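Here is work15.txt, consisting of compact mmCIF, C-alpha atoms:
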# COMPACT_ATOMS: atom_id res chain seq x y z
CA MET O 1 -1.10 20.72 5.61
CA GLY O 2 -2.73 22.90 2.98
CA GLU O 3 -1.75 23.64 -0.63
CA ASN O 4 -0.03 26.92 -1.50
CA THR O 5 1.68 28.48 -4.46
CA GLN O 6 5.11 27.77 -2.98
CA HIS O 7 4.93 23.99 -3.26
CA GLN O 8 3.76 21.49 -5.82
CA SER O 9 4.96 17.92 -6.15
CA VAL O 10 2.06 16.53 -8.19
CA ARG O 11 1.19 17.79 -11.63
CA LYS O 12 -0.16 14.49 -12.91
CA ARG O 13 -1.78 11.78 -10.87
CA ARG O 14 -3.35 8.41 -11.64
CA VAL O 15 -6.19 7.44 -9.32
CA PHE O 16 -7.61 3.93 -9.10
CA TYR O 17 -10.90 3.64 -7.25
CA ILE O 18 -11.95 0.21 -5.96
CA PRO O 19 -15.64 0.25 -4.98
CA GLY O 20 -17.19 -1.79 -2.24
CA TYR O 21 -19.74 -4.56 -2.76
CA ASP O 22 -21.83 -2.56 -5.21
CA PRO O 23 -23.79 -3.83 -8.25
CA ILE O 24 -24.38 -0.32 -9.60
CA HIS O 25 -22.78 0.89 -12.85
CA PRO O 26 -19.54 2.80 -12.19
CA ARG O 27 -21.04 5.81 -13.96
CA ARG O 28 -22.49 6.77 -10.57
CA TYR O 29 -19.00 7.41 -9.21
CA ARG O 30 -18.17 9.81 -12.03
CA GLU O 31 -21.40 11.72 -11.55
CA LEU O 32 -20.89 11.77 -7.79
CA TYR O 33 -17.38 13.16 -8.28
CA ARG O 34 -18.63 15.77 -10.73
CA LYS O 35 -21.45 16.97 -8.48
CA GLU O 36 -19.67 16.84 -5.14
CA GLY O 37 -16.38 18.14 -6.54
CA ALA O 38 -18.14 21.25 -7.82
CA ALA O 39 -19.79 21.72 -4.42
CA GLN O 40 -16.49 21.33 -2.55
CA ALA O 41 -14.73 23.72 -4.95
CA GLU O 42 -17.34 26.37 -4.25
CA ILE O 43 -17.09 25.86 -0.49
CA SER O 44 -13.28 25.80 -0.38
CA GLY O 45 -12.55 28.39 -3.06
CA TYR O 46 -10.77 26.41 -5.74
CA GLU O 47 -11.63 25.33 -9.28
CA MET O 48 -12.34 21.87 -10.67
CA ALA O 49 -13.45 20.53 -14.03
CA LEU O 50 -14.10 17.04 -15.42
CA ALA O 51 -13.52 15.72 -18.93
CA PRO O 52 -13.70 12.30 -20.62
CA LYS O 53 -11.09 9.75 -19.60
CA MET O 54 -7.73 9.69 -21.29
CA ALA O 55 -7.11 7.13 -24.02
CA GLY O 56 -6.37 3.68 -22.62
CA ALA O 57 -7.51 4.55 -19.09
CA GLY O 58 -9.40 1.31 -18.64
CA PRO O 59 -13.05 0.51 -19.23
CA PHE O 60 -14.39 3.40 -17.15
CA GLY O 61 -12.88 6.60 -15.86
CA TRP O 62 -12.62 10.38 -16.17
CA HIS O 63 -10.08 13.21 -16.24
CA ALA O 64 -10.06 15.95 -13.62
CA THR O 65 -8.22 19.24 -13.63
CA GLY O 66 -7.99 21.62 -10.72
CA ARG O 67 -6.60 24.98 -9.75
CA PHE O 68 -5.80 25.22 -6.06
CA GLN O 69 -4.68 28.65 -4.84
CA GLY O 70 -3.04 29.36 -8.17
CA VAL O 71 -1.50 25.89 -8.56
CA GLU O 72 -2.78 23.65 -11.36
CA SER O 73 -2.80 19.86 -11.31
CA GLU O 74 -4.61 17.04 -13.08
CA ALA O 75 -5.67 13.49 -12.39
CA ASP O 76 -6.85 10.54 -14.44
CA PHE O 77 -9.35 8.31 -12.66
CA GLU O 78 -10.12 4.69 -13.32
CA VAL O 79 -12.79 2.63 -11.58
CA LEU O 80 -11.56 -0.93 -11.07
CA ILE O 81 -14.78 -2.76 -11.76
CA TRP O 82 -16.01 -5.88 -10.02
CA SER O 83 -19.72 -4.99 -10.08
CA ASP O 84 -20.36 -7.88 -12.48
CA ILE O 85 -19.05 -10.32 -9.86
CA VAL O 86 -21.27 -8.64 -7.28
CA LYS O 87 -24.30 -8.97 -9.57
CA ASP O 88 -23.61 -12.67 -10.11
CA SER O 89 -23.34 -13.26 -6.36
CA MET O 90 -26.66 -11.47 -5.85
CA ASP O 91 -28.46 -13.56 -8.45
CA GLN O 92 -30.18 -15.66 -5.81
CA GLY O 93 -33.78 -16.70 -5.46
CA ILE O 94 -35.77 -16.11 -2.29
CA PHE O 95 -35.25 -19.62 -0.95
CA ALA O 96 -31.50 -19.47 -1.66
CA THR O 97 -31.28 -16.14 0.17
CA TYR O 98 -32.83 -17.65 3.30
CA VAL O 99 -30.36 -20.52 3.08
CA GLN O 100 -27.60 -17.90 2.86
CA LEU O 101 -29.04 -16.23 5.93
CA LEU O 102 -28.80 -19.41 8.00
CA ARG O 103 -25.30 -20.26 6.77
CA THR O 104 -23.92 -16.74 7.24
CA ALA O 105 -25.41 -16.39 10.73
CA TRP O 106 -23.96 -19.78 11.70
CA ILE O 107 -20.48 -18.85 10.44
CA TYR O 108 -20.31 -15.49 12.22
CA ILE O 109 -22.06 -16.56 15.42
CA GLY O 110 -20.75 -20.11 15.65
CA SER O 111 -17.12 -19.06 15.17
CA GLY O 112 -17.44 -16.31 17.76
CA ALA O 113 -16.51 -13.68 15.16
CA LEU O 114 -19.71 -11.71 15.73
CA ALA O 115 -19.13 -11.43 19.47
CA ARG O 116 -15.56 -10.24 18.92
CA LEU O 117 -16.66 -7.71 16.29
CA MET O 118 -19.11 -6.30 18.82
CA LYS O 119 -16.11 -5.38 21.00
CA LEU O 120 -14.96 -3.00 18.27
CA ARG O 121 -17.98 -1.12 16.94
CA LYS O 122 -21.64 -1.98 17.37
CA GLY O 123 -22.74 -0.02 14.29
CA PRO O 124 -21.44 -2.33 11.56
CA VAL O 125 -22.48 -5.39 13.58
CA ILE O 126 -26.02 -4.02 13.81
CA ALA O 127 -25.83 -3.40 10.06
CA ALA O 128 -24.86 -7.06 9.64
CA LEU O 129 -27.71 -8.27 11.85
CA TYR O 130 -30.27 -6.01 10.19
CA PRO O 131 -30.82 -8.15 7.06
CA VAL O 132 -31.13 -11.28 9.21
CA VAL O 133 -33.79 -9.70 11.43
CA PHE O 134 -35.63 -7.99 8.60
CA LEU O 135 -35.73 -11.04 6.33
CA LEU O 136 -37.02 -13.17 9.20
CA THR O 137 -39.61 -10.48 9.94
CA GLN O 138 -40.75 -10.64 6.31
CA LEU O 139 -41.12 -14.40 6.58
CA VAL O 140 -43.05 -14.21 9.87
CA PHE O 141 -45.35 -11.54 8.40
CA ALA O 142 -46.03 -13.71 5.34
CA LEU O 143 -46.79 -16.72 7.54
CA LEU O 144 -49.16 -14.69 9.72
CA VAL O 145 -51.05 -13.54 6.62
CA ALA O 146 -51.13 -17.16 5.47
CA TRP O 147 -52.58 -18.20 8.83
CA GLY O 148 -55.25 -15.49 8.57
CA VAL O 149 -56.22 -16.55 5.04
CA GLY O 150 -56.35 -20.17 6.16
CA ALA O 151 -58.64 -19.24 9.07
CA LEU O 152 -61.04 -17.53 6.64
CA LEU O 153 -61.04 -20.50 4.28
CA VAL O 154 -62.13 -22.98 6.94
CA LEU O 155 -65.19 -20.86 7.59
CA VAL O 156 -66.64 -21.94 4.24
CA LEU O 157 -64.54 -24.95 3.24
CA PRO O 158 -63.34 -28.19 4.89
CA TRP O 159 -60.72 -27.88 7.67
CA TRP O 160 -57.89 -29.06 5.45
CA SER O 161 -58.40 -26.10 3.11
CA LYS O 162 -56.42 -23.89 5.52
CA VAL O 163 -53.20 -25.19 3.99
CA PHE O 164 -54.03 -23.17 0.87
CA GLY O 165 -53.35 -20.06 2.92
CA LEU O 166 -49.67 -20.81 2.40
CA LEU O 167 -50.10 -19.85 -1.24
CA VAL O 168 -49.87 -16.19 -0.24
CA VAL O 169 -46.35 -16.60 1.20
CA PRO O 170 -44.36 -16.59 -2.09
CA PRO O 171 -46.01 -13.44 -3.55
CA ILE O 172 -45.58 -11.55 -0.27
CA LEU O 173 -41.89 -12.43 -0.08
CA LYS O 174 -41.53 -11.60 -3.77
CA TRP O 175 -43.04 -8.16 -3.13
CA PHE O 176 -40.44 -7.45 -0.45
CA GLN O 177 -37.67 -8.62 -2.77
CA ARG O 178 -38.88 -6.35 -5.60
CA HIS O 179 -38.88 -3.37 -3.22
CA ASP O 180 -35.50 -4.09 -1.67
CA GLY O 181 -34.23 -0.76 -3.01
CA LYS O 182 -36.04 0.73 -0.01
CA PHE O 183 -35.16 -1.91 2.55
CA PHE O 184 -31.64 -3.12 1.51
CA ALA O 185 -32.22 -6.41 3.31
CA TYR O 186 -31.45 -8.70 0.36
CA TYR O 187 -28.54 -6.49 -0.72
CA LEU O 188 -26.87 -6.56 2.70
CA MET O 189 -27.55 -10.26 3.11
CA HIS O 190 -25.76 -11.01 -0.15
CA ASP O 191 -22.92 -8.68 0.86
CA TYR O 192 -22.13 -10.43 4.14
CA ALA O 193 -22.82 -13.86 2.68
CA TYR O 194 -20.28 -13.27 -0.09
CA SER O 195 -17.29 -13.28 2.26
CA ALA O 196 -18.83 -15.74 4.72
CA SER O 197 -19.46 -18.34 1.99
CA THR O 198 -15.69 -18.94 1.78
CA ARG O 199 -15.01 -18.06 5.45
CA GLY O 200 -12.91 -15.08 4.38
CA ALA O 201 -10.99 -16.60 1.46
CA ASN O 202 -11.29 -14.86 -1.91
CA PRO O 203 -13.39 -16.68 -4.51
CA GLU O 204 -11.52 -17.62 -7.68
CA ALA O 205 -13.34 -15.08 -9.84
CA LEU O 206 -12.44 -12.29 -7.44
CA GLU O 207 -8.79 -13.34 -7.27
CA ALA O 208 -8.61 -13.28 -11.06
CA ARG O 209 -10.09 -9.80 -11.14
CA MET O 210 -7.68 -8.60 -8.46
CA THR O 211 -4.82 -9.77 -10.65
CA GLN O 212 -6.18 -7.54 -13.41
CA PHE O 213 -6.35 -4.65 -10.95
CA LYS O 214 -2.71 -5.24 -10.05
CA GLU O 215 -1.66 -5.11 -13.70
CA ARG O 216 -3.50 -1.82 -14.28
CA ILE O 217 -1.79 -0.23 -11.28
CA ALA O 218 1.61 -1.64 -12.29
CA GLU O 219 1.19 -0.11 -15.73
CA ALA O 220 0.42 3.30 -14.22
CA LEU O 221 3.59 3.08 -12.12
CA GLN O 222 5.56 3.03 -15.37
CA SER O 223 3.94 6.25 -16.60
CA ASP O 224 5.13 9.85 -16.28
CA CYS O 225 2.70 10.75 -13.48
CA ASP O 226 3.93 11.93 -10.08
CA GLU O 227 1.68 9.84 -7.85
CA VAL O 228 -0.37 6.68 -8.20
CA LEU O 229 -3.17 6.79 -5.64
CA VAL O 230 -5.32 3.74 -4.91
CA VAL O 231 -8.61 4.47 -3.14
CA GLY O 232 -10.45 1.55 -1.56
CA HIS O 233 -13.92 2.23 -0.22
CA SER O 234 -15.80 -0.09 2.15
CA SER O 235 -15.16 -3.69 1.00
CA GLY O 236 -12.88 -2.28 -1.68
CA ALA O 237 -10.39 -1.40 1.06
CA HIS O 238 -9.48 -4.99 1.84
CA LEU O 239 -9.25 -5.81 -1.87
CA ALA O 240 -6.79 -2.94 -2.24
CA VAL O 241 -4.69 -4.25 0.66
CA SER O 242 -4.18 -7.56 -1.14
CA VAL O 243 -3.70 -6.04 -4.61
CA LEU O 244 -1.03 -3.65 -3.37
CA SER O 245 0.69 -6.35 -1.32
CA ASP O 246 0.97 -8.56 -4.40
CA LEU O 247 2.28 -5.66 -6.44
CA ILE O 248 5.03 -4.86 -3.95
CA ARG O 249 5.98 -8.51 -3.36
CA GLU O 250 6.53 -8.89 -7.09
CA ASN O 251 8.89 -5.89 -7.09
CA ARG O 252 6.68 -3.98 -9.52
CA LEU O 253 7.52 -0.58 -8.03
CA PRO O 254 10.10 1.28 -10.14
CA LYS O 255 13.08 2.75 -8.29
CA GLU O 256 12.56 6.05 -10.05
CA GLY O 257 8.89 6.69 -10.68
CA PRO O 258 5.59 7.84 -9.21
CA LYS O 259 4.94 7.75 -5.48
CA LEU O 260 2.55 4.99 -4.45
CA ALA O 261 -0.23 5.86 -2.01
CA PHE O 262 -3.26 4.08 -0.57
CA LEU O 263 -6.33 5.78 0.87
CA SER O 264 -8.79 3.44 2.60
CA LEU O 265 -12.23 4.92 3.30
CA GLY O 266 -15.04 3.57 5.46
CA GLN O 267 -13.26 0.22 5.73
CA VAL O 268 -14.96 -2.95 6.95
CA VAL O 269 -11.80 -5.07 7.03
CA PRO O 270 -12.61 -6.91 10.31
CA MET O 271 -15.81 -8.37 8.78
CA VAL O 272 -13.47 -10.45 6.60
CA SER O 273 -10.20 -10.67 8.53
CA PHE O 274 -12.02 -12.10 11.59
CA LEU O 275 -13.22 -15.11 9.60
CA SER O 276 -11.32 -18.38 10.02
CA ASP O 277 -9.99 -18.84 6.47
CA SER O 278 -8.96 -15.25 5.82
CA TYR O 279 -5.28 -16.25 5.79
CA ARG O 280 -4.55 -14.26 2.64
CA LEU O 281 -5.96 -10.95 3.91
CA ARG O 282 -4.35 -11.26 7.34
CA GLY O 283 -0.98 -11.95 5.73
CA ASP O 284 -1.37 -8.97 3.42
CA LEU O 285 -2.28 -6.69 6.33
CA ALA O 286 0.83 -7.82 8.22
CA PHE O 287 2.96 -7.25 5.11
CA LEU O 288 1.63 -3.88 3.96
CA CYS O 289 1.74 -2.25 7.40
CA GLN O 290 5.55 -2.41 7.42
CA ARG O 291 6.35 -1.05 3.96
CA GLU O 292 8.44 2.07 3.51
CA ASP O 293 7.59 2.31 -0.20
CA ILE O 294 3.93 3.21 0.26
CA THR O 295 1.83 5.71 2.19
CA TRP O 296 -1.36 4.32 3.71
CA VAL O 297 -3.93 6.61 5.30
CA ASP O 298 -7.13 5.13 6.71
CA VAL O 299 -10.06 7.53 7.02
CA THR O 300 -13.30 6.66 8.81
CA ALA O 301 -15.77 8.51 11.02
CA PRO O 302 -17.68 7.40 14.14
CA GLY O 303 -20.81 8.83 12.50
CA ASP O 304 -20.59 6.14 9.81
CA GLY O 305 -22.48 3.23 11.31
CA CYS O 306 -21.51 0.91 8.46
CA ALA O 307 -17.73 1.17 8.96
CA PHE O 308 -15.35 0.05 11.69
CA ALA O 309 -14.60 3.64 12.56
CA LEU O 310 -11.12 4.39 13.89
CA CYS O 311 -10.38 0.67 14.23
CA ASP O 312 -6.81 0.08 13.09
CA PRO O 313 -7.43 -2.84 10.68
CA VAL O 314 -3.97 -4.33 11.25
CA SER O 315 -3.91 -4.12 15.03
CA VAL O 316 -7.47 -5.24 15.79
CA THR O 317 -7.00 -8.21 13.45
CA GLY O 318 -4.10 -9.27 15.65
CA VAL O 319 -1.40 -9.33 12.96
CA ALA O 320 0.64 -6.24 13.88
CA PRO O 321 4.31 -7.30 13.99
CA GLU O 322 5.97 -7.35 17.42
CA SER O 323 8.68 -5.12 16.02
CA GLY O 324 6.09 -2.45 15.30
CA LYS O 325 4.33 -1.19 12.23
CA LYS O 326 4.37 1.92 10.09
CA TRP O 327 0.83 1.91 8.62
CA PRO O 328 -1.95 2.76 8.45
CA LEU O 329 -2.25 6.30 9.72
CA VAL O 330 -5.75 6.16 11.23
CA VAL O 331 -7.57 9.49 11.15
CA SER O 332 -11.17 10.61 11.52
CA ALA O 333 -13.32 12.47 9.01
CA ALA O 334 -15.27 13.64 12.10
CA PHE O 335 -18.66 14.13 10.47
CA THR O 336 -20.03 16.03 13.47
CA LEU O 337 -17.31 18.65 13.03
CA THR O 338 -16.83 18.71 9.26
CA LEU O 339 -20.52 18.85 8.35
CA ALA O 340 -22.66 21.86 9.18
CA PRO O 341 -25.12 21.16 12.06
CA GLU O 342 -28.15 21.32 9.75
CA ARG O 343 -26.52 18.97 7.26
CA TRP O 344 -25.50 16.52 9.97
CA LYS O 345 -29.07 16.58 11.28
CA GLU O 346 -30.32 15.79 7.77
CA LEU O 347 -27.89 12.91 7.19
CA ARG O 348 -27.28 11.32 10.58
CA TRP O 349 -29.98 8.62 10.20
CA ARG O 350 -29.33 8.01 6.50
CA PHE O 351 -26.79 5.29 7.15
CA PHE O 352 -26.06 4.26 3.58
CA ARG O 353 -25.69 7.86 2.44
CA LEU O 354 -23.27 8.56 5.29
CA HIS O 355 -21.21 5.54 4.25
CA PHE O 356 -20.52 7.40 0.97
CA GLN O 357 -19.86 10.78 2.61
CA TYR O 358 -16.11 10.25 2.23
CA LEU O 359 -16.60 10.74 -1.52
CA CYS O 360 -18.66 13.90 -1.04
CA ALA O 361 -18.27 17.57 -0.16
CA PHE O 362 -17.81 18.74 3.43
CA ASP O 363 -18.89 22.09 4.82
CA LYS O 364 -15.68 22.38 6.89
CA PRO O 365 -13.34 19.81 5.36
CA GLY O 366 -10.26 20.31 7.54
CA HIS O 367 -7.47 17.83 6.75
CA TYR O 368 -9.74 15.52 4.78
CA ASP O 369 -10.79 16.87 1.40
CA TYR O 370 -11.34 14.01 -1.05
CA PHE O 371 -11.00 16.27 -4.07
CA GLN O 372 -7.75 17.93 -3.02
CA ILE O 373 -6.35 14.51 -2.10
CA THR O 374 -7.27 12.98 -5.46
CA ALA O 375 -6.71 15.96 -7.78
CA GLY O 376 -4.59 18.46 -5.83
CA PRO O 377 -0.86 19.29 -6.06
CA LEU O 378 0.33 17.44 -2.93
CA THR O 379 1.02 13.75 -2.52
CA LEU O 380 -0.93 11.88 0.14
CA ALA O 381 2.29 11.61 2.18
CA GLU O 382 2.81 15.38 2.08
CA ARG O 383 -0.79 16.17 2.93
CA TYR O 384 -0.61 14.05 6.09
CA GLU O 385 3.04 14.69 6.94
CA GLY O 386 3.48 15.19 10.66
CA ARG O 387 -0.14 14.42 11.44
CA SER O 388 -0.76 12.28 14.51
CA PRO O 389 -3.23 9.40 14.38
CA SER O 390 -6.60 9.81 16.05
CA LYS O 391 -6.32 9.58 19.82
CA SER O 392 -9.58 7.64 19.98
CA ARG O 393 -8.46 4.93 17.56
CA ILE O 394 -8.93 1.31 18.61
CA GLU O 395 -5.82 -0.90 18.42
CA LYS O 396 -6.52 -3.69 20.89
CA PRO O 397 -6.33 -7.08 19.10
CA VAL O 398 -9.57 -9.00 19.59
CA ASN O 399 -9.47 -11.48 16.71
CA LYS O 400 -9.34 -15.20 17.49
CA PHE O 401 -8.06 -16.21 14.07
CA THR O 402 -4.60 -14.78 13.48
CA LYS O 403 -2.95 -17.40 11.29
CA ILE O 404 -1.68 -15.92 8.04
CA ALA O 405 -0.81 -17.27 4.62
CA PRO O 406 2.82 -18.42 4.34
Let me see the structure of the file written as structure tokens.
Amino acid sequence: MGENTQHQSVRKRRVFYIPGYDPIHPRRYRELYRKEGAAQAEISGYEMALAPKMAGAGPFGWHATGRFQGVESEADFEVLIWSDIVKDSMDQGIFATYVQLLRTAWIYIGSGALARLMKLRKGPVIAALYPVVFLLTQLVFALLVAWGVGALLVLVLPWWSKVFGLLVVPPILKWFQRHDGKFFAYYLMHDYAYSASTRGANPEALEARMTQFKERIAEALQSDCDEVLVVGHSSGAHLAVSVLSDLIRENRLPKEGPKLAFLSLGQVVPMVSFLSDSYRLRGDLAFLCQREDITWVDVTAPGDGCAFALCDPVSVTGVAPESGKKWPLVVSAAFTLTLAPERWKELRWRFFRLHFQYLCAFDKPGHYDYFQITAGPLTLAERYEGRSPSKSRIEKPVNKFTKIAP
């Protein structure tokens, strides 16, 4: 459904963006929105402008105004920050990271979660295995160099001097760690280890932060805006599920107030919900999928190898109620159709860049236009009204652990 001058239900919107497991300063999201929003506006023929955040709009955000086919609307954005928690969890030495590797592999493989995840999408499972393989490759390479150095030493020194070859192992591993911005092995290892360390339960620090997120959203629901839109990207999607579930359970939605909407992008929910102790998340999925007081649209794309594309996070987790569910509406961003052939060719092997494509401009956006959704004059419900879910979505429950929190 496209915007036109005959209809406008949103003049003011509050948008809360929950990032994935990302240690980078939230400034990058503002700059990404500025750059890609301008590109999408030029492609689609509308106008957009950014300004500093409104007073009291949290620690980091921005204000966007748009003119869409003659209709003006505005949105205040706030990034719900947990990058400091991510940084703390990544503050691991080399030895500790290899211990994480062993523990995380044991939890996913030993519990059978990895095998069941493979039945959904191989892409994100390969992404999960990549840091394990690459870190072990680094270690083997360092040991081979150590063996070579030791072999040279015994040519001129006593036989026992070969043990000194091991001295080259730490600096080699340290070099790989310093250059992880190119390899992403340590980053991904810490990412998967974060959830695995508690077998899917939320650490205390994260739960406390999620409570703060809930309060910020609850405050916005008392404002004079027309829609409160929560956007959860990657790991941020499952955080949003729990935050919104808590908010609704506590009856924090005003009877007369803004519409509440949830847009999950590039979600990796099964990586957490398939773990044994993820009772909280599974319960929240079962709760949120039935609510009439929220709109939940889940957007992924098969071209995103880091996401569980078109996998209904409720159904595949095995917690869809027998009586049926209302959400999420699972739709595809269809990168192969919405990106120009030359652009798709340029991006198709840049896996991490593609994982952020949902926040970027599309050459042929179709139903999914991040900037019209977040700053345009229609609610999320109106934009997707009457739209059928993707025919190629995956709904078969394959999770072994289906117990939920009481």
Exercise. Would you please work out which residue, of O:Trp62, O:Thr198, O:Asp226, O:Phe176, is nearest to Glu256 in chain O when using all atoms listed in the file?
Key: O:Asp226
Quiz item: Got a sec: who's within 10 Å of range 320-324 of chain O, counting all atoms listed in the file, leaving out chain neighbours fewer than 4 positions off, as a ChimeraX atom specification?
Solution: /O:282,285-287,289-290,312-316,395,397
Practice problem: For CA of His190 in chain O and CA of Gly283 in chain O, quote the distance in Å rounded to one decimal. | Solution: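 Rounded to one decimal, the two atoms are 25.5 Å apart.
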Self-check item: Using only C-alpha atoms: which of O:Trp327, O:Phe68, O:Tyr21, O:Tyr187 has the shortest distance to His7 in chain O
Solution: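 Closest to His7 in chain O, using only C-alpha atoms: O:Phe68.
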Quiz item: Gln138 in chain O: which residues within 9 Å, counting only C-alpha atoms, same-chain residues fewer than 4 positions away excluded, as a VMD selection string?
Solution: chain O and resid 133 to 134 142 to 143 172 to 173 176
Practice problem: Take CA of Tyr370 in chain O and CA of Ile126 in chain O and report the distance between them in Å, one decimal. | Solution: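 Result for CA of Tyr370 in chain O versus CA of Ile126 in chain O: 27.6 Å, one decimal.
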Self-check item: Minimum-distance residue to Gln8 in chain O, chosen among O:Val154, O:Ala185, O:Leu120, O:Val71 (using all atoms listed in the file)
Solution: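 Once distances to Gln8 in chain O are computed over all atoms listed in the file, the minimum belongs to O:Val71.
The nearest approach to Leu136 in chain O among the residues O:Ile94, O:Leu339, O:Val297, O:Ala151, with all atoms listed in the file taken into account, belongs to O:Ile94.
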Quiz item: Of the residues O:Leu166, O:Ile217, O:Ala75, O:Ala333, which is the one nearest to Val243 in chain O, using all atoms listed in the file?
Solution: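 Of O:Leu166, O:Ile217, O:Ala75, O:Ala333, the one nearest Val243 in chain O, counting all atoms listed in the file, is O:Ile217.
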Exercise. Within 9 Å of Lys364 in chain O, counting all atoms listed in the file, which residues show up once you throw out same-chain ones fewer than 4 positions away? Write them as a VMD selection string, please.
Key: chain O and resid 43 to 44 337 to 340
What would the file look like if the residues just selected were written as a PDB file, keeping the file's coordinate frame with C-alpha atoms?
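Below is the file that was written, part_27.pdb:
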ATOM      1  CA  ILE O  43     -17.090  25.860  -0.490  1.00  0.00           C
ATOM      2  CA  SER O  44     -13.280  25.800  -0.380  1.00  0.00           C
ATOM      3  CA  LEU O 337     -17.310  18.650  13.030  1.00  0.00           C
ATOM      4  CA  THR O 338     -16.830  18.710   9.260  1.00  0.00           C
ATOM      5  CA  LEU O 339     -20.520  18.850   8.350  1.00  0.00           C
ATOM      6  CA  ALA O 340     -22.660  21.860   9.180  1.00  0.00           C
TER       7      ALA O 340
END
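Residue nearest Ala49 in chain O within the list O:Ile24, O:Met271, O:Ala375, O:Leu288: O:Ala375 [criterion: smallest interatomic distance, all atoms listed in the file].
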Self-check item: Between CA of His367 in chain O and CA of Glu385 in chain O, distance in Å (one decimal)
Solution: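 For CA of His367 in chain O relative to CA of Glu385 in chain O, the distance reads 11.0 Å.
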Exercise. Quick one: everything within 9 Å of Lys214 in chain O, counting all atoms listed in the file, minus sequence neighbours fewer than 2 positions away in the same chain. Send it as a ChimeraX atom specification.
Key: /O:209-212,216-219,243-244,246-247
Quiz prompt | Contacts of Pro258 in chain O at 7 Å (only C-alpha atoms; same-chain gap of 4+ positions) as a list in words | solution =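 The neighbour list is Leu221, Cys225, Asp226, Glu227 and Val228 of chain O.
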Practice problem: Please work out which residues fall within 6 Å of (-12.5, -3.4, -4.4), coordinates as given in the file, with all atoms listed in the file counting, and return them as a list in words. | Solution: Ile18, Pro19, Gly20, Gly236 and Leu239 of chain O
Range 244-251 of chain O: axis-aligned bounding box, 6 Å on each side, centre and edge lengths in Å, one decimal, as JSON:
{"center_x": 3.9, "center_y": -6.3, "center_z": -4.2, "size_x": 21.9, "size_y": 17.2, "size_z": 17.8}
Using all atoms listed in the file, I'd like a table of the residues in range 64-159 of chain O that come within 12 Å of range 272-279 of chain O; for each, show the closest atom pair and its distance in Å rounded to one decimal, ordered by chain and ascending number, as CSV.
residue,atom,partner,partner_atom,distance
O:Thr104,CA,O:Leu275,CA,11.1
O:Trp106,CA,O:Leu275,CA,11.9
O:Ile107,CA,O:Leu275,CA,8.2
O:Tyr108,CA,O:Leu275,CA,7.6
O:Ile109,CA,O:Leu275,CA,10.7
O:Gly110,CA,O:Leu275,CA,10.9
O:Ser111,CA,O:Ser276,CA,7.8
O:Gly112,CA,O:Phe274,CA,9.2
O:Ala113,CA,O:Phe274,CA,5.9
O:Leu114,CA,O:Phe274,CA,8.7
O:Ala115,CA,O:Phe274,CA,10.6
O:Arg116,CA,O:Phe274,CA,8.3
O:Leu117,CA,O:Phe274,CA,7.9
O:Met118,CA,O:Phe274,CA,11.7
O:Leu120,CA,O:Phe274,CA,11.7
